[in-house]
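Chemist: Data: final_22.cif, mmCIF, C-alpha atoms.
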```
data_query
#
loop_
_atom_site.label_atom_id
_atom_site.label_comp_id
_atom_site.auth_asym_id
_atom_site.auth_seq_id
_atom_site.Cartn_x
_atom_site.Cartn_y
_atom_site.Cartn_z
CA MET A 211 0.00 0.00 0.00
CA LYS A 212 2.79 2.43 0.89
CA ARG A 213 4.49 1.80 -2.46
CA LYS A 214 1.25 2.51 -4.31
CA ILE A 215 0.78 5.76 -2.42
CA LEU A 216 4.37 6.86 -3.12
CA ASN A 217 4.05 6.13 -6.81
CA PHE A 218 0.71 7.92 -6.97
CA VAL A 219 2.20 11.03 -5.41
CA ILE A 220 5.06 11.25 -7.91
CA VAL A 221 2.74 10.59 -10.86
CA SER A 222 0.34 13.25 -9.61
CA CYS A 223 3.16 15.78 -9.33
CA CYS A 224 4.16 15.07 -12.91
CA ILE A 225 0.61 15.42 -14.16
CA ILE A 226 -0.14 18.74 -12.49
CA THR A 227 3.15 20.43 -13.43
CA PRO A 228 2.24 23.42 -15.64
CA VAL A 229 2.91 22.96 -19.35
CA ALA A 230 4.12 26.14 -21.03
CA ALA A 231 3.14 27.15 -24.55
CA PHE A 232 5.34 25.51 -27.16
CA SER A 233 6.00 26.14 -30.84
CA SER A 234 7.52 23.28 -32.82
CA GLY A 235 10.58 23.73 -35.01
CA ASP A 236 11.54 22.65 -38.52
CA ALA A 237 13.76 19.55 -38.50
CA ALA A 238 14.95 20.08 -42.07
CA ALA A 239 15.97 23.65 -41.30
CA GLY A 240 17.71 22.50 -38.14
CA GLU A 241 20.07 20.11 -39.90
CA SER A 242 22.44 22.83 -41.07
CA LYS A 243 22.28 24.62 -37.72
CA VAL A 244 23.61 21.72 -35.65
CA ILE A 245 26.82 21.19 -37.63
CA MET A 246 28.93 22.83 -34.95
CA CYS A 247 27.32 20.52 -32.33
CA ALA A 248 28.61 17.33 -33.97
CA GLY A 249 31.98 17.41 -32.22
CA CYS A 250 30.37 16.67 -28.87
CA HIS A 251 26.95 15.22 -29.69
CA GLY A 252 27.57 13.42 -32.99
CA GLY A 253 26.23 14.29 -36.41
CA ASP A 254 22.80 12.82 -35.67
CA GLY A 255 22.76 13.48 -31.94
CA ASN A 256 24.32 10.16 -30.95
CA SER A 257 27.39 11.21 -29.02
CA VAL A 258 30.28 8.76 -28.98
CA VAL A 259 31.68 10.18 -25.72
CA PRO A 260 29.87 9.07 -22.52
CA SER A 261 30.40 12.43 -20.82
CA PHE A 262 28.35 14.17 -23.53
CA PRO A 263 24.64 13.29 -23.63
CA LYS A 264 22.93 11.71 -26.58
CA LEU A 265 20.32 14.08 -28.00
CA ALA A 266 18.88 11.90 -30.76
CA GLY A 267 15.22 11.04 -30.20
CA GLN A 268 14.94 13.36 -27.21
CA GLY A 269 11.66 15.22 -26.85
CA GLU A 270 11.57 18.43 -28.86
CA LYS A 271 9.97 20.49 -26.11
CA TYR A 272 12.55 19.37 -23.57
CA LEU A 273 15.47 20.06 -25.94
CA THR A 274 14.14 23.48 -26.87
CA LYS A 275 13.96 24.45 -23.19
CA GLN A 276 17.51 23.27 -22.55
CA LEU A 277 18.87 25.20 -25.54
CA LYS A 278 17.08 28.36 -24.48
CA ASP A 279 18.26 27.96 -20.89
CA VAL A 280 21.86 27.65 -22.10
CA LYS A 281 21.54 30.63 -24.45
CA TYR A 282 20.12 32.92 -21.76
CA GLY A 283 22.40 31.72 -18.98
CA ARG A 284 19.74 29.88 -16.99
CA ARG A 285 21.76 26.68 -17.42
CA LYS A 286 25.52 27.10 -17.40
CA ILE A 287 27.63 24.54 -19.24
CA ALA A 288 31.26 25.58 -19.58
CA SER A 289 31.80 23.79 -22.89
CA MET A 290 28.76 25.55 -24.40
CA THR A 291 29.57 29.08 -23.26
CA GLY A 292 28.74 31.51 -26.07
CA ILE A 293 27.99 28.79 -28.63
CA LEU A 294 24.30 29.65 -28.94
CA ASP A 295 24.58 33.42 -28.65
CA SER A 296 24.06 34.07 -32.36
CA PHE A 297 21.07 31.74 -32.75
CA SER A 298 17.49 32.98 -32.63
CA GLU A 299 14.79 31.18 -30.68
CA GLN A 300 13.46 29.80 -33.97
CA ASP A 301 16.94 28.45 -34.71
CA LEU A 302 16.95 26.69 -31.36
CA SER A 303 13.52 25.19 -32.03
CA ASP A 304 14.73 23.96 -35.41
CA MET A 305 17.81 22.38 -33.85
CA ALA A 306 15.67 20.64 -31.25
CA ALA A 307 13.31 19.38 -33.95
CA PHE A 308 16.23 17.94 -35.91
CA TYR A 309 17.53 15.94 -32.96
CA ALA A 310 14.03 14.84 -31.99
CA SER A 311 13.56 13.38 -35.48
CA LYS A 312 16.56 11.05 -35.09
CA GLU A 313 16.74 7.68 -33.36
CA MET A 314 18.87 7.19 -30.29
CA GLN A 315 21.40 4.37 -30.37
CA ILE A 316 21.00 2.43 -27.14
CA SER A 317 24.12 2.50 -24.97
CA GLY A 318 23.41 -0.87 -23.37
CA ALA A 319 23.45 -1.98 -19.73
CA GLN A 320 26.01 -4.02 -17.83
CA GLU A 321 24.90 -7.11 -15.87
CA GLU A 322 26.23 -5.85 -12.55
CA LYS A 323 23.40 -4.60 -10.29
CA LEU A 324 20.97 -4.75 -13.22
CA GLN A 325 18.21 -6.20 -11.04
CA LEU A 326 18.64 -3.47 -8.44
CA GLY A 327 18.49 -0.79 -11.12
CA GLU A 328 15.31 -2.22 -12.59
CA ALA A 329 13.69 -2.54 -9.16
CA ILE A 330 14.34 1.13 -8.38
CA TYR A 331 13.32 2.37 -11.83
CA ARG A 332 10.05 0.46 -11.79
CA GLY A 333 9.21 0.40 -8.09
CA GLY A 334 11.36 2.92 -6.25
CA ASN A 335 12.51 2.33 -2.68
CA ILE A 336 9.69 2.63 -0.18
CA GLU A 337 12.03 2.46 2.84
CA THR A 338 13.97 5.58 1.81
CA GLY A 339 11.18 7.45 0.05
CA VAL A 340 12.45 7.06 -3.53
CA PRO A 341 9.51 6.86 -5.99
CA ALA A 342 9.50 4.88 -9.22
CA CYS A 343 10.95 6.64 -12.26
CA THR A 344 8.17 5.35 -14.50
CA GLY A 345 5.63 7.97 -13.42
CA CYS A 346 7.35 10.77 -15.35
CA HIS A 347 9.73 8.94 -17.65
CA SER A 348 7.47 6.00 -18.68
CA PRO A 349 8.09 2.26 -18.23
CA SER A 350 10.16 2.17 -21.43
CA GLY A 351 12.17 5.30 -20.58
CA GLN A 352 10.64 7.35 -23.40
CA GLY A 353 9.59 10.19 -21.12
CA ASN A 354 6.61 12.41 -21.86
CA SER A 355 7.43 14.63 -24.82
CA PRO A 356 4.29 16.87 -24.75
CA ALA A 357 4.84 17.59 -21.07
CA GLY A 358 8.55 18.19 -21.51
CA TYR A 359 9.71 15.24 -19.38
CA PRO A 360 12.92 13.90 -20.93
CA MET A 361 13.54 10.54 -22.50
CA LEU A 362 16.06 8.56 -20.45
CA GLY A 363 16.14 5.15 -22.12
CA GLY A 364 19.43 4.40 -23.89
CA GLN A 365 21.33 7.38 -22.45
CA TYR A 366 24.91 6.86 -21.27
CA ALA A 367 24.97 5.57 -17.69
CA GLN A 368 27.88 7.89 -16.88
CA TYR A 369 25.90 10.96 -17.91
CA THR A 370 22.69 9.90 -16.14
CA ALA A 371 24.54 9.12 -12.92
CA LYS A 372 26.31 12.48 -13.03
CA GLN A 373 23.00 14.31 -13.34
CA LEU A 374 21.40 12.38 -10.48
CA ARG A 375 24.33 13.20 -8.23
CA ALA A 376 24.06 16.86 -9.20
CA TRP A 377 20.36 16.83 -8.28
CA ARG A 378 21.24 15.16 -4.98
CA THR A 379 23.97 17.61 -3.97
CA GLY A 380 22.03 20.71 -5.00
CA ALA A 381 24.37 21.50 -7.88
CA HIS A 382 21.30 21.93 -10.11
CA ASP A 383 19.58 24.35 -7.73
CA PRO A 384 18.73 27.71 -9.39
CA GLU A 385 21.18 29.69 -7.28
CA ASN A 386 24.15 27.58 -8.35
CA ASP A 387 26.17 27.70 -11.58
CA GLY A 388 25.21 24.84 -13.85
CA ALA A 389 21.64 24.84 -12.59
CA ARG A 390 18.97 23.09 -14.61
CA ASN A 391 15.77 23.97 -12.79
CA ASN A 392 13.65 21.56 -14.82
CA ASP A 393 11.55 20.38 -11.91
CA GLY A 394 10.39 23.88 -10.98
CA ASP A 395 8.79 24.67 -7.65
CA SER A 396 7.74 21.06 -7.16
CA LYS A 397 11.41 20.04 -6.88
CA ILE A 398 10.53 16.51 -7.95
CA MET A 399 13.98 15.47 -9.10
CA ARG A 400 15.72 17.08 -6.18
CA GLY A 401 13.35 15.28 -3.84
CA VAL A 402 14.00 11.95 -5.56
CA ALA A 403 17.78 12.13 -5.82
CA GLU A 404 18.41 13.29 -2.27
CA HIS A 405 17.22 9.91 -0.98
CA MET A 406 19.30 7.80 -3.38
CA SER A 407 22.61 6.19 -2.43
CA ASP A 408 25.58 6.04 -4.79
CA ILE A 409 24.91 2.35 -5.34
CA GLU A 410 21.29 3.05 -6.27
CA ILE A 411 22.23 5.90 -8.59
CA ASP A 412 24.79 3.80 -10.45
CA ALA A 413 22.41 0.84 -10.64
CA VAL A 414 19.45 2.78 -12.02
CA ALA A 415 21.68 4.70 -14.46
CA ASN A 416 23.01 1.38 -15.74
CA PHE A 417 19.51 -0.04 -16.15
CA ILE A 418 18.36 3.09 -17.99
CA ALA A 419 21.24 2.75 -20.46
CA GLY A 420 19.69 -0.47 -21.76
CA LEU A 421 16.07 0.69 -21.86
CA LYS A 422 14.24 0.99 -25.16
#
```
Could you rewrite the structure in this file as structure tokens?
Modeler:
Amino acid sequence: MKRKILNFVIVSCCIITPVAAFSSGDAAAGESKVIMCAGCHGGDGNSVVPSFPKLAGQGEKYLTKQLKDVKYGRRKIASMTGILDSFSEQDLSDMAAFYASKEMQISGAQEEKLQLGEAIYRGGNIETGVPACTGCHSPSGQGNSPAGYPMLGGQYAQYTAKQLRAWRTGAHDPENDGARNNDGDSKIMRGVAEHMSDIEIDAVANFIAGLK
């Protein structure tokens, strides 16, 4: 019963999070605008370096928000400083649409702690107050594109684990450099990550890497 209540709470938070107005971009127009992104994220958004996230197949609304946040300094990434300054908001939407139109290449999971990772992703940890990830990111890891909840399935485990630790330590809080205040006033992700151990973070990140 407690597990059901916990999962209901996190799903409810995801559902009632306000959804801002969104204008879709032009994927064809975006192709020429992402050329300079290929060095880190790959020509089609499938990065070959685990420290750089894969963007292929990611939700367009989510990507557009991240690009705008980087451009206007709401999300600080040292390696992207100044890169988007000359792009208009329409350019950013087009770039997001291009990546969203591609298919992510699944990173693949390792066998170690795979069961633990799946258990946390699908059922959370009732003893420590960690809810299931499926409520916002779907059982298959595809996220919720219309709502702006990111796709996780197939992403590099190294990158996912780094982000979870940043949520846990407060590195993503609005007042800190590098913030990515995606969970807004509800603080869903910060509330989830703060109750996760290093072992749980690594296990769920590994499981996510093999999700499709």
Chemist: What does the PyMOL selection byres ((chain A and resi 402) around 8) select in this file, as an MDAnalysis selection string?
Modeler: chainID A and resid 339:341 378 398:401 403:406
Chemist: Report the distance between CA of Gly358 (chain A) and CA of Ala306 (chain A) in Å, rounded to one decimal place.
Modeler: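 Computing the Euclidean distance for CA of Gly358 (chain A) and CA of Ala306 (chain A) yields 12.3 Å.
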Chemist: Name the residues captured by the PyMOL selection byres ((chain A and resi 269) around 10) when it is applied to the shown file; answer as a list in words.
Modeler: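 After applying the PyMOL selection byres ((chain A and resi 269) around 10), what remains is Leu265, Ala266, Gly267, Gln268, Glu270, Lys271, Tyr272, Leu273, Thr274, Ala306, Ala307, Tyr309, Ala310, Ser311, Gln352, Gly353, Asn354, Ser355, Pro356, Ala357, Gly358, Tyr359, Pro360 and Met361 of chain A.
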Chemist: For the residues selected in the previous step, produce a file with C-alpha atoms as a short mmCIF file (atom, residue, chain, number, x, y, z; two decimals), in the coordinates of the input.
Modeler:
```
data_model
loop_
_atom_site.label_atom_id
_atom_site.label_comp_id
_atom_site.auth_asym_id
_atom_site.auth_seq_id
_atom_site.Cartn_x
_atom_site.Cartn_y
_atom_site.Cartn_z
CA LEU A 265 20.32 14.08 -28.00
CA ALA A 266 18.88 11.90 -30.76
CA GLY A 267 15.22 11.04 -30.20
CA GLN A 268 14.94 13.36 -27.21
CA GLU A 270 11.57 18.43 -28.86
CA LYS A 271 9.97 20.49 -26.11
CA TYR A 272 12.55 19.37 -23.57
CA LEU A 273 15.47 20.06 -25.94
CA THR A 274 14.14 23.48 -26.87
CA ALA A 306 15.67 20.64 -31.25
CA ALA A 307 13.31 19.38 -33.95
CA TYR A 309 17.53 15.94 -32.96
CA ALA A 310 14.03 14.84 -31.99
CA SER A 311 13.56 13.38 -35.48
CA GLN A 352 10.64 7.35 -23.40
CA GLY A 353 9.59 10.19 -21.12
CA ASN A 354 6.61 12.41 -21.86
CA SER A 355 7.43 14.63 -24.82
CA PRO A 356 4.29 16.87 -24.75
CA ALA A 357 4.84 17.59 -21.07
CA GLY A 358 8.55 18.19 -21.51
CA TYR A 359 9.71 15.24 -19.38
CA PRO A 360 12.92 13.90 -20.93
CA MET A 361 13.54 10.54 -22.50
#
```
Chemist: Which is closer to His347 (chain A) than all the others in A:Ala237, A:Gly333, A:Leu374, A:Leu362, using all atoms listed in the file?
Modeler: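 Using all atoms listed in the file, His347 (chain A) sits closest to A:Leu362.
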Chemist: Which residues, named as in the file, does the PyMOL selection byres ((chain A and resi 315) around 9) pick out? Answer as a ChimeraX atom specification.
Modeler: /A:256,264,266,313-314,316-318,364-365
Chemist: What is the CA of Asp408 (chain A) to CA of Ala288 (chain A) distance in Å?
Modeler: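 Those two atoms sit 25.2 Å apart.
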